[in-house]
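A.B. asks: What follows is my_file_10.tsv; its format and atoms are TSV, C-alpha atoms.
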chain	number	residue	atom	x	y	z
A	1	GLN	CA	39.48	-149.27	28.93
A	2	GLN	CA	38.75	-145.66	28.18
A	3	GLN	CA	36.77	-144.03	30.93
A	4	VAL	CA	36.58	-140.60	29.30
A	5	LYS	CA	35.30	-140.35	25.75
A	6	GLN	CA	35.97	-137.13	23.87
A	7	SER	CA	34.47	-135.88	20.63
A	8	PRO	CA	34.99	-134.76	17.98
A	9	GLN	CA	38.50	-135.90	17.17
A	10	SER	CA	39.05	-132.80	15.06
A	11	LEU	CA	37.20	-129.55	14.56
A	12	ILE	CA	37.46	-126.67	12.12
A	13	VAL	CA	35.85	-123.36	13.04
A	14	GLN	CA	35.84	-119.96	11.42
A	15	LYS	CA	37.27	-117.00	13.29
A	16	GLY	CA	34.62	-115.52	15.55
A	17	GLY	CA	32.64	-118.75	15.70
A	18	ILE	CA	31.89	-121.03	18.64
A	19	SER	CA	33.96	-124.16	19.21
A	20	ILE	CA	32.29	-126.96	21.15
A	21	ILE	CA	34.05	-130.08	22.41
A	22	ASN	CA	32.26	-132.79	24.33
A	23	CYS	CA	33.30	-135.37	26.88
A	24	ALA	CA	31.50	-138.24	28.57
A	25	TYR	CA	32.75	-140.10	31.59
A	26	GLU	CA	31.86	-143.42	33.20
A	27	ASN	CA	33.28	-143.28	36.68
A	28	THR	CA	30.77	-141.71	39.06
A	29	ALA	CA	33.54	-141.26	41.62
A	30	PHE	CA	35.09	-138.51	39.50
A	31	ASP	CA	34.73	-135.11	41.10
A	32	TYR	CA	37.21	-133.00	39.17
A	33	PHE	CA	36.94	-132.27	35.45
A	34	PRO	CA	39.64	-130.18	33.79
A	35	TRP	CA	40.27	-129.06	30.26
A	36	TYR	CA	43.87	-128.75	29.11
A	37	GLN	CA	45.21	-126.98	26.03
A	38	GLN	CA	48.29	-128.19	24.19
A	39	PHE	CA	50.21	-126.38	21.48
A	40	PRO	CA	52.58	-128.28	19.16
A	41	GLY	CA	55.88	-129.07	20.84
A	42	LYS	CA	54.63	-128.06	24.28
A	43	GLY	CA	53.22	-129.79	27.29
A	44	PRO	CA	49.51	-129.49	28.09
A	45	ALA	CA	48.45	-126.53	30.24
A	46	LEU	CA	45.34	-126.19	32.36
A	47	LEU	CA	42.68	-124.07	30.68
A	48	ILE	CA	39.69	-124.38	32.99
A	49	ALA	CA	38.30	-126.93	35.44
A	50	ILE	CA	35.01	-127.66	37.17
A	51	ARG	CA	33.69	-129.59	40.16
A	52	PRO	CA	30.30	-131.34	39.89
A	53	ASP	CA	28.63	-129.05	42.41
A	54	VAL	CA	28.13	-126.42	39.69
A	55	SER	CA	26.64	-126.77	36.22
A	56	GLU	CA	28.67	-124.11	34.49
A	57	LYS	CA	31.93	-122.23	34.88
A	58	LYS	CA	33.09	-119.37	32.73
A	59	GLU	CA	36.53	-117.84	32.37
A	60	GLY	CA	36.75	-115.23	29.67
A	61	ARG	CA	35.83	-116.80	26.34
A	62	PHE	CA	35.98	-120.33	27.77
A	63	THR	CA	33.00	-122.04	29.41
A	64	ILE	CA	32.53	-125.52	30.85
A	65	SER	CA	29.00	-126.87	30.91
A	66	PHE	CA	28.48	-129.85	33.20
A	67	ASN	CA	25.60	-132.34	33.25
A	68	LYS	CA	26.01	-134.67	36.20
A	69	SER	CA	22.99	-136.85	35.46
A	70	ALA	CA	24.14	-137.49	31.92
A	71	LYS	CA	27.79	-137.80	32.99
A	72	GLN	CA	28.78	-135.34	30.30
A	73	PHE	CA	30.61	-132.05	30.14
A	74	SER	CA	31.65	-129.76	27.36
A	75	LEU	CA	34.00	-126.91	26.55
A	76	HIS	CA	32.67	-123.90	24.67
A	77	ILE	CA	35.09	-121.41	23.16
A	78	MET	CA	33.29	-118.21	22.23
A	79	ASP	CA	34.59	-115.85	19.55
A	80	SER	CA	37.20	-118.44	18.52
A	81	GLN	CA	40.52	-117.00	17.39
A	82	PRO	CA	43.36	-118.43	15.28
A	83	GLY	CA	45.48	-118.41	18.44
A	84	ASP	CA	43.06	-120.93	19.94
A	85	SER	CA	44.21	-123.51	17.37
A	86	ALA	CA	45.57	-126.31	19.54
A	87	THR	CA	44.71	-129.74	20.87
A	88	TYR	CA	42.27	-129.83	23.77
A	89	PHE	CA	42.05	-132.62	26.31
A	90	CYS	CA	39.33	-133.25	28.84
A	91	GLY	CA	39.88	-135.34	31.93
A	92	GLY	CA	38.30	-136.71	35.05
A	93	ALA	CA	39.70	-137.55	38.45
A	94	GLY	CA	38.53	-138.81	41.79
A	95	ASN	CA	40.05	-138.00	45.15
A	96	ASN	CA	43.31	-139.77	44.29
A	97	ARG	CA	44.32	-137.04	41.79
A	98	LYS	CA	44.75	-139.69	39.09
A	99	LEU	CA	43.59	-137.97	35.93
A	100	ILE	CA	41.99	-140.07	33.21
A	101	TRP	CA	42.25	-138.27	29.89
A	102	GLY	CA	40.19	-138.10	26.75
A	103	LEU	CA	42.02	-138.73	23.48
A	104	GLY	CA	42.04	-135.08	22.51
A	105	THR	CA	40.44	-132.78	19.94
A	106	SER	CA	42.50	-130.97	17.37
A	107	LEU	CA	40.97	-127.52	16.85
A	108	ALA	CA	41.80	-125.36	13.86
A	109	VAL	CA	40.40	-121.83	13.71
A	110	ASN	CA	40.52	-120.39	10.23
A	111	PRO	CA	41.22	-116.65	9.91
B	1	ASP	CA	60.03	-119.94	38.38
B	2	ALA	CA	61.68	-122.20	35.82
B	3	GLY	CA	58.76	-124.58	35.59
B	4	VAL	CA	59.13	-128.32	35.22
B	5	ILE	CA	62.44	-129.21	33.61
B	6	GLN	CA	62.93	-132.33	31.53
B	7	SER	CA	66.01	-133.72	29.88
B	8	PRO	CA	66.91	-134.64	27.31
B	9	ARG	CA	64.40	-132.94	24.99
B	10	HIS	CA	65.07	-135.45	22.25
B	11	GLU	CA	66.50	-138.94	22.45
B	12	VAL	CA	67.22	-141.29	19.58
B	13	THR	CA	68.42	-144.73	20.50
B	14	GLU	CA	68.65	-148.21	19.09
B	15	MET	CA	66.45	-151.06	20.14
B	16	GLY	CA	67.84	-152.84	23.17
B	17	GLN	CA	69.58	-149.82	24.64
B	18	GLU	CA	68.83	-148.36	28.04
B	19	VAL	CA	67.11	-144.98	28.10
B	20	THR	CA	66.90	-142.66	31.10
B	21	LEU	CA	64.60	-139.66	31.13
B	22	ARG	CA	64.99	-137.01	33.80
B	23	CYS	CA	62.63	-134.59	35.47
B	24	LYS	CA	62.98	-131.72	37.91
B	25	PRO	CA	59.59	-130.69	39.32
B	26	ILE	CA	58.65	-127.20	40.36
B	27	SER	CA	60.21	-126.44	43.72
B	28	GLY	CA	57.86	-127.21	46.59
B	29	HIS	CA	55.49	-129.39	44.59
B	30	ASP	CA	54.71	-132.67	46.30
B	31	TYR	CA	53.13	-134.60	43.43
B	32	LEU	CA	55.00	-135.81	40.36
B	33	PHE	CA	53.46	-137.57	37.37
B	34	TRP	CA	55.01	-139.36	34.40
B	35	TYR	CA	52.95	-139.55	31.20
B	36	ARG	CA	53.42	-141.03	27.76
B	37	GLN	CA	51.75	-139.45	24.75
B	38	THR	CA	51.15	-141.13	21.40
B	39	MET	CA	48.72	-140.45	18.59
B	40	MET	CA	47.05	-143.81	19.04
B	41	ARG	CA	46.67	-143.86	22.81
B	42	GLY	CA	46.72	-140.19	23.74
B	43	LEU	CA	48.02	-139.24	27.19
B	44	GLU	CA	48.65	-142.20	29.44
B	45	LEU	CA	49.58	-141.90	33.09
B	46	LEU	CA	52.50	-144.22	33.77
B	47	ILE	CA	53.19	-143.57	37.44
B	48	TYR	CA	52.81	-140.87	40.03
B	49	PHE	CA	54.53	-140.00	43.28
B	50	ASN	CA	53.45	-138.14	46.37
B	51	ASN	CA	56.20	-136.87	48.66
B	52	ASN	CA	58.70	-139.00	46.70
B	53	VAL	CA	56.70	-142.21	47.31
B	54	PRO	CA	55.19	-144.08	44.34
B	55	ILE	CA	51.42	-144.10	44.74
B	56	ASP	CA	50.18	-145.78	41.60
B	57	ASP	CA	52.31	-147.50	38.97
B	58	SER	CA	49.51	-149.42	37.32
B	59	GLY	CA	50.12	-147.57	34.07
B	60	MET	CA	53.69	-148.76	33.68
B	61	PRO	CA	53.52	-150.93	30.56
B	62	GLU	CA	55.82	-153.72	31.70
B	63	ASP	CA	58.89	-154.57	33.70
B	64	ARG	CA	61.12	-152.83	31.20
B	65	PHE	CA	59.91	-149.53	32.65
B	66	SER	CA	60.98	-148.27	36.06
B	67	ALA	CA	60.74	-144.91	37.80
B	68	LYS	CA	62.43	-143.46	40.84
B	69	MET	CA	62.21	-140.30	42.85
B	70	PRO	CA	65.22	-140.21	45.18
B	71	ASN	CA	64.40	-136.73	46.44
B	72	ALA	CA	61.84	-133.97	46.07
B	73	SER	CA	63.67	-132.28	43.21
B	74	PHE	CA	64.50	-135.15	40.89
B	75	SER	CA	62.88	-138.13	39.22
B	76	THR	CA	63.92	-140.58	36.52
B	77	LEU	CA	62.05	-142.84	34.15
B	78	LYS	CA	64.15	-145.69	32.81
B	79	ILE	CA	63.42	-148.06	29.94
B	80	GLN	CA	65.62	-151.13	29.70
B	81	PRO	CA	65.75	-152.60	27.13
B	82	SER	CA	64.06	-150.12	24.82
B	83	GLU	CA	61.85	-151.22	21.92
B	84	PRO	CA	60.53	-149.35	18.85
B	85	ARG	CA	57.01	-149.35	20.32
B	86	ASP	CA	58.32	-147.20	23.19
B	87	SER	CA	58.72	-144.30	20.76
B	88	ALA	CA	56.56	-141.49	22.12
B	89	VAL	CA	56.70	-138.16	23.89
B	90	TYR	CA	57.19	-138.56	27.61
B	91	PHE	CA	55.95	-135.81	29.90
B	92	CYS	CA	56.64	-135.11	33.51
B	93	ALA	CA	54.19	-132.98	35.49
B	94	SER	CA	54.08	-131.73	39.05
B	95	SER	CA	51.45	-130.28	41.32
B	96	LEU	CA	51.07	-128.88	44.79
B	97	SER	CA	48.50	-130.54	47.01
B	98	ALA	CA	47.83	-127.30	48.85
B	99	GLY	CA	47.46	-125.38	45.61
B	100	GLY	CA	44.63	-127.20	43.96
B	101	TRP	CA	44.69	-129.95	41.41
B	102	GLU	CA	46.42	-128.23	38.50
B	103	GLN	CA	49.23	-130.22	36.98
B	104	TYR	CA	52.15	-128.27	35.51
B	105	PHE	CA	53.71	-130.07	32.59
B	106	GLY	CA	57.28	-129.99	31.39
B	107	PRO	CA	58.17	-129.61	27.70
B	108	GLY	CA	58.47	-133.36	27.21
B	109	THR	CA	61.10	-135.73	25.90
B	110	ARG	CA	60.60	-137.04	22.40
B	111	LEU	CA	61.95	-140.60	22.34
B	112	THR	CA	62.65	-142.43	19.12
B	113	VAL	CA	63.75	-146.05	19.28
B	114	THR	CA	65.04	-147.42	15.98
Translate this file's structure into structure tokens.
C.D. replies:
Amino acid sequence: QQQVKQSPQSLIVQKGGISIINCAYENTAFDYFPWYQQFPGKGPALLIAIRPDVSEKKEGRFTISFNKSAKQFSLHIMDSQPGDSATYFCGGAGNNRKLIWGLGTSLAVNP
Amino acid sequence: DAGVIQSPRHEVTEMGQEVTLRCKPISGHDYLFWYRQTMMRGLELLIYFNNNVPIDDSGMPEDRFSAKMPNASFSTLKIQPSEPRDSAVYFCASSLSAGGWEQYFGPGTRLTVT
């Protein structure tokens, strides 16, 4: 039973373009929504996270947009760079810290 | 800070053998998580501990899997007997309850069961 649905499964973007990855969740008890970045052969690392009391959070080129009523959130990567090529995971968690993960999006940024 | 340490990094074993994966969390962290990652199922939480106590083991696939955390600086995940379908990358992660919700992942153990 997948409670967090992530799309697309893979994404190819040209250097300088905008990468957009979407996630939808089912559990209304979730109040923490992170995005993790994973490079081949490495463990995932936190990129950016949001709580549902705000609709947007920006850190450098990375922005989370959050729509509580639609139970959806997305990651926008502005000015995408080849170094951003990685797998991105979204997640959701309630107050028990148990993260439920999306299946991941493989992003390739062409130079 | 050395980060989360996992050993071994790679393990190849035959079906039916016992496998033990090890994890040393970041010093001072009070949460420890064990995950399994496969292409088909993505990242799956197997079990997590708070202050060395198992909180939720509902993700442990079956009785062949067991996890322990005898002290704050060490945890093991054991598979006995191992099966080919257990082949995956196993990650350990830790976090600090007073430091937010970020989980710090180790480099993983790639397990291959033949």
A.B. asks: Residues near A:Phe66, anyone? I mean within 10 Å using only C-alpha atoms, not counting same-chain ones fewer than 5 positions away, as a ChimeraX atom specification.
C.D. replies: /A:23,33,50-57,71-75
A.B. asks: Could you take the residues named above and write them with C-alpha atoms, as an mmCIF file, keeping the file's coordinate frame?
C.D. replies:
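What ended up in selection-v8.cif:
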data_model
loop_
_atom_site.group_PDB
_atom_site.id
_atom_site.type_symbol
_atom_site.label_atom_id
_atom_site.label_comp_id
_atom_site.auth_asym_id
_atom_site.auth_seq_id
_atom_site.Cartn_x
_atom_site.Cartn_y
_atom_site.Cartn_z
ATOM 1 C CA CYS A 23 33.300 -135.370 26.880
ATOM 2 C CA PHE A 33 36.940 -132.270 35.450
ATOM 3 C CA ILE A 50 35.010 -127.660 37.170
ATOM 4 C CA ARG A 51 33.690 -129.590 40.160
ATOM 5 C CA PRO A 52 30.300 -131.340 39.890
ATOM 6 C CA ASP A 53 28.630 -129.050 42.410
ATOM 7 C CA VAL A 54 28.130 -126.420 39.690
ATOM 8 C CA SER A 55 26.640 -126.770 36.220
ATOM 9 C CA GLU A 56 28.670 -124.110 34.490
ATOM 10 C CA LYS A 57 31.930 -122.230 34.880
ATOM 11 C CA LYS A 71 27.790 -137.800 32.990
ATOM 12 C CA GLN A 72 28.780 -135.340 30.300
ATOM 13 C CA PHE A 73 30.610 -132.050 30.140
ATOM 14 C CA SER A 74 31.650 -129.760 27.360
ATOM 15 C CA LEU A 75 34.000 -126.910 26.550
#
A.B. asks: Between A:Leu103, A:Glu26, A:Ser65, A:Lys98, which is the closest to B:Asp57 once you count all atoms listed in the file?
C.D. replies: A:Lys98
A.B. asks: B:Asp30, B:Asp63, B:Glu102, B:Glu11: which is nearest chain A, counting all atoms listed in the file?
C.D. replies: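 Between B:Asp30, B:Asp63, B:Glu102, B:Glu11, the residue approaching chain A most closely is B:Glu102.
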A.B. asks: Around the point (51.6, -126.7, 49.7) (coordinates from the file), which residues reach within 9 Å if we count all atoms listed in the file? Answer as a tab-separated table (two decimals) with C-alpha atoms, keeping the file's coordinate frame.
C.D. replies:
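Output contents, as saved in part.tsv:
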chain	number	residue	atom	x	y	z
B	28	GLY	CA	57.86	-127.21	46.59
B	29	HIS	CA	55.49	-129.39	44.59
B	30	ASP	CA	54.71	-132.67	46.30
B	96	LEU	CA	51.07	-128.88	44.79
B	97	SER	CA	48.50	-130.54	47.01
B	98	ALA	CA	47.83	-127.30	48.85
B	99	GLY	CA	47.46	-125.38	45.61
A.B. asks: Have a look at atom CA of B:Met15 and atom CA of B:Val113 and let me know their distance in Å, one decimal.
C.D. replies: 5.8 Å
A.B. asks: So the first atom is atom CA of B:Pro70 and the second is atom CA of B:Gln6; what is the distance between them in Å, to one decimal place?
C.D. replies: 15.9 Å
A.B. asks: How many Å separate atom CA of B:Gln17 from atom CA of B:Gly59?
C.D. replies: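 So the answer is 21.7 Å.
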A.B. asks: Using only C-alpha atoms, find each residue in chain A having at least one atom no more than 9 Å away from chain B; report its shortest atom-to-atom pair and that distance in Å (one decimal), rows by chain then rising number, as JSON lines.
C.D. replies:
{"residue": "A:Tyr32", "atom": "CA", "partner": "B:Trp101", "partner_atom": "CA", "distance": 8.4}
{"residue": "A:Pro34", "atom": "CA", "partner": "B:Glu102", "partner_atom": "CA", "distance": 8.5}
{"residue": "A:Gly41", "atom": "CA", "partner": "B:Pro107", "partner_atom": "CA", "distance": 7.3}
{"residue": "A:Lys42", "atom": "CA", "partner": "B:Pro107", "partner_atom": "CA", "distance": 5.2}
{"residue": "A:Gly43", "atom": "CA", "partner": "B:Pro107", "partner_atom": "CA", "distance": 5.0}
{"residue": "A:Pro44", "atom": "CA", "partner": "B:Phe105", "partner_atom": "CA", "distance": 6.2}
{"residue": "A:Ala45", "atom": "CA", "partner": "B:Tyr104", "partner_atom": "CA", "distance": 6.7}
{"residue": "A:Leu46", "atom": "CA", "partner": "B:Glu102", "partner_atom": "CA", "distance": 6.6}
{"residue": "A:Ala49", "atom": "CA", "partner": "B:Glu102", "partner_atom": "CA", "distance": 8.8}
{"residue": "A:Phe89", "atom": "CA", "partner": "B:Leu43", "partner_atom": "CA", "distance": 9.0}
{"residue": "A:Arg97", "atom": "CA", "partner": "B:Trp101", "partner_atom": "CA", "distance": 7.1}
{"residue": "A:Lys98", "atom": "CA", "partner": "B:Leu45", "partner_atom": "CA", "distance": 8.0}
{"residue": "A:Leu99", "atom": "CA", "partner": "B:Leu45", "partner_atom": "CA", "distance": 7.7}
{"residue": "A:Ile100", "atom": "CA", "partner": "B:Leu45", "partner_atom": "CA", "distance": 7.8}
{"residue": "A:Trp101", "atom": "CA", "partner": "B:Leu43", "partner_atom": "CA", "distance": 6.4}
{"residue": "A:Gly102", "atom": "CA", "partner": "B:Gly42", "partner_atom": "CA", "distance": 7.5}
{"residue": "A:Leu103", "atom": "CA", "partner": "B:Gly42", "partner_atom": "CA", "distance": 4.9}
{"residue": "A:Gly104", "atom": "CA", "partner": "B:Gly42", "partner_atom": "CA", "distance": 7.0}
A.B. asks: Emit as JSON the padded axis-aligned box for all listed atoms of stretch 37-46 of chain B, 4 Å per side, with centre and edge lengths in Å to one decimal.
C.D. replies:
{"center_x": 49.6, "center_y": -141.7, "center_z": 26.2, "size_x": 13.8, "size_y": 13.0, "size_z": 23.2}
A.B. asks: Stretch 7-20 of chain A: which residues within 7 Å, counting all atoms listed in the file, same-chain residues fewer than 6 positions away excluded, as an mmCIF file with C-alpha atoms, keeping the file's coordinate frame?
C.D. replies:
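around.cif, written as the output of this step:
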data_model
loop_
_atom_site.group_PDB
_atom_site.id
_atom_site.type_symbol
_atom_site.label_atom_id
_atom_site.label_comp_id
_atom_site.auth_asym_id
_atom_site.auth_seq_id
_atom_site.Cartn_x
_atom_site.Cartn_y
_atom_site.Cartn_z
ATOM 1 C CA SER A 74 31.650 -129.760 27.360
ATOM 2 C CA LEU A 75 34.000 -126.910 26.550
ATOM 3 C CA HIS A 76 32.670 -123.900 24.670
ATOM 4 C CA ILE A 77 35.090 -121.410 23.160
ATOM 5 C CA MET A 78 33.290 -118.210 22.230
ATOM 6 C CA ASP A 79 34.590 -115.850 19.550
ATOM 7 C CA SER A 80 37.200 -118.440 18.520
ATOM 8 C CA GLN A 81 40.520 -117.000 17.390
ATOM 9 C CA PRO A 82 43.360 -118.430 15.280
ATOM 10 C CA GLY A 104 42.040 -135.080 22.510
ATOM 11 C CA THR A 105 40.440 -132.780 19.940
ATOM 12 C CA SER A 106 42.500 -130.970 17.370
ATOM 13 C CA LEU A 107 40.970 -127.520 16.850
ATOM 14 C CA ALA A 108 41.800 -125.360 13.860
ATOM 15 C CA VAL A 109 40.400 -121.830 13.710
ATOM 16 C CA ASN A 110 40.520 -120.390 10.230
ATOM 17 C CA PRO A 111 41.220 -116.650 9.910
#
A.B. asks: Find the spatial neighbours of B:Thr114, counting only C-alpha atoms, within a cut-off of 10 Å - ignore same-chain residues fewer than 2 positions away - and output them as JSON, numbers by chain.
C.D. replies: {"B": [12, 13, 14, 15, 16, 82, 83, 84, 85, 86, 87, 111, 112]}
A.B. asks: Tell me which of B:Asn51, B:Gln80, B:Ile5, B:Arg22 sits closest to B:Arg64, counting only C-alpha atoms.
C.D. replies: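 The closest residue to B:Arg64 is B:Gln80.
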A.B. asks: Need the neighbours of (60.3, -125.4, 37.1): which residues are at most 7 Å away, counting only C-alpha atoms, as an NGL selection string?
C.D. replies: :B and (1-5 or 24-27)
A.B. asks: Closest to A:Ile21 among A:Ile64, A:Val4, A:Ile48, A:Ala70, using all atoms listed in the file?
C.D. replies: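 Looking at the shortest contact to A:Ile21, the residue is A:Ile64.
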A.B. asks: Residues near B:Thr76, anyone? I mean within 7 Å using all atoms listed in the file, not counting same-chain ones fewer than 3 positions away, as a compact mmCIF listing (two decimals) with C-alpha atoms, in the frame of the given file.
C.D. replies:
# COMPACT_ATOMS: atom_id res chain seq x y z
CA THR B 20 66.90 -142.66 31.10
CA LEU B 21 64.60 -139.66 31.13
CA ARG B 22 64.99 -137.01 33.80
CA CYS B 23 62.63 -134.59 35.47
CA ALA B 67 60.74 -144.91 37.80
CA LYS B 68 62.43 -143.46 40.84
CA MET B 69 62.21 -140.30 42.85
A.B. asks: Since the input lacks atoms, please generate N, CA, C and O atoms for stretch 17-36 of chain A and provide them as a short mmCIF file (atom, residue, chain, number, x, y, z; two decimals), in the frame of the given file.
C.D. replies:
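Generated output (rebuild_8.cif):
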data_model
loop_
_atom_site.label_atom_id
_atom_site.label_comp_id
_atom_site.auth_asym_id
_atom_site.auth_seq_id
_atom_site.Cartn_x
_atom_site.Cartn_y
_atom_site.Cartn_z
N GLY A 17 33.65 -117.73 15.45
CA GLY A 17 32.64 -118.75 15.70
C GLY A 17 32.77 -119.39 17.08
O GLY A 17 33.66 -119.05 17.86
N ILE A 18 31.87 -120.31 17.36
CA ILE A 18 31.89 -121.03 18.64
C ILE A 18 32.43 -122.44 18.43
O ILE A 18 31.95 -123.16 17.56
N SER A 19 33.41 -122.81 19.24
CA SER A 19 33.96 -124.16 19.21
C SER A 19 33.36 -124.94 20.38
O SER A 19 33.34 -124.44 21.51
N ILE A 20 32.89 -126.14 20.10
CA ILE A 20 32.29 -126.96 21.15
C ILE A 20 32.92 -128.34 21.12
O ILE A 20 32.94 -129.01 20.09
N ILE A 21 33.43 -128.76 22.26
CA ILE A 21 34.05 -130.08 22.41
C ILE A 21 33.35 -130.78 23.57
O ILE A 21 33.10 -130.17 24.61
N ASN A 22 33.04 -132.05 23.35
CA ASN A 22 32.26 -132.79 24.33
C ASN A 22 33.04 -133.94 24.95
O ASN A 22 33.89 -134.55 24.30
N CYS A 23 32.72 -134.23 26.20
CA CYS A 23 33.30 -135.37 26.88
C CYS A 23 32.25 -136.10 27.70
O CYS A 23 31.33 -135.46 28.24
N ALA A 24 32.39 -137.41 27.76
CA ALA A 24 31.50 -138.24 28.57
C ALA A 24 32.37 -139.13 29.45
O ALA A 24 33.39 -139.64 28.99
N TYR A 25 31.96 -139.29 30.68
CA TYR A 25 32.75 -140.10 31.59
C TYR A 25 31.89 -141.23 32.14
O TYR A 25 30.66 -141.20 32.10
N GLU A 26 32.56 -142.25 32.68
CA GLU A 26 31.86 -143.42 33.20
C GLU A 26 31.93 -143.54 34.71
O GLU A 26 31.01 -144.03 35.35
N ASN A 27 33.03 -143.07 35.26
CA ASN A 27 33.28 -143.28 36.68
C ASN A 27 32.56 -142.23 37.53
O ASN A 27 32.92 -141.05 37.53
N THR A 28 31.55 -142.66 38.25
CA THR A 28 30.77 -141.71 39.06
C THR A 28 31.54 -141.18 40.26
O THR A 28 31.08 -140.27 40.95
N ALA A 29 32.72 -141.75 40.52
CA ALA A 29 33.54 -141.26 41.62
C ALA A 29 34.36 -140.01 41.21
O ALA A 29 34.94 -139.36 42.07
N PHE A 30 34.38 -139.71 39.95
CA PHE A 30 35.09 -138.51 39.50
C PHE A 30 34.44 -137.27 40.09
O PHE A 30 33.22 -137.11 40.07
N ASP A 31 35.28 -136.36 40.60
CA ASP A 31 34.73 -135.11 41.10
C ASP A 31 35.57 -133.90 40.69
O ASP A 31 35.48 -132.83 41.31
N TYR A 32 36.38 -134.10 39.68
CA TYR A 32 37.21 -133.00 39.17
C TYR A 32 37.35 -133.20 37.68
O TYR A 32 37.74 -134.28 37.22
N PHE A 33 36.99 -132.16 36.90
CA PHE A 33 36.94 -132.27 35.45
C PHE A 33 37.65 -131.07 34.83
O PHE A 33 37.09 -129.99 34.72
N PRO A 34 38.89 -131.28 34.40
CA PRO A 34 39.64 -130.18 33.79
C PRO A 34 39.65 -130.26 32.27
O PRO A 34 39.42 -131.32 31.68
N TRP A 35 39.95 -129.14 31.68
CA TRP A 35 40.27 -129.06 30.26
C TRP A 35 41.69 -128.50 30.14
O TRP A 35 42.02 -127.48 30.76
N TYR A 36 42.51 -129.19 29.36
CA TYR A 36 43.87 -128.75 29.11
C TYR A 36 44.02 -128.39 27.64
O TYR A 36 43.38 -128.98 26.76
#
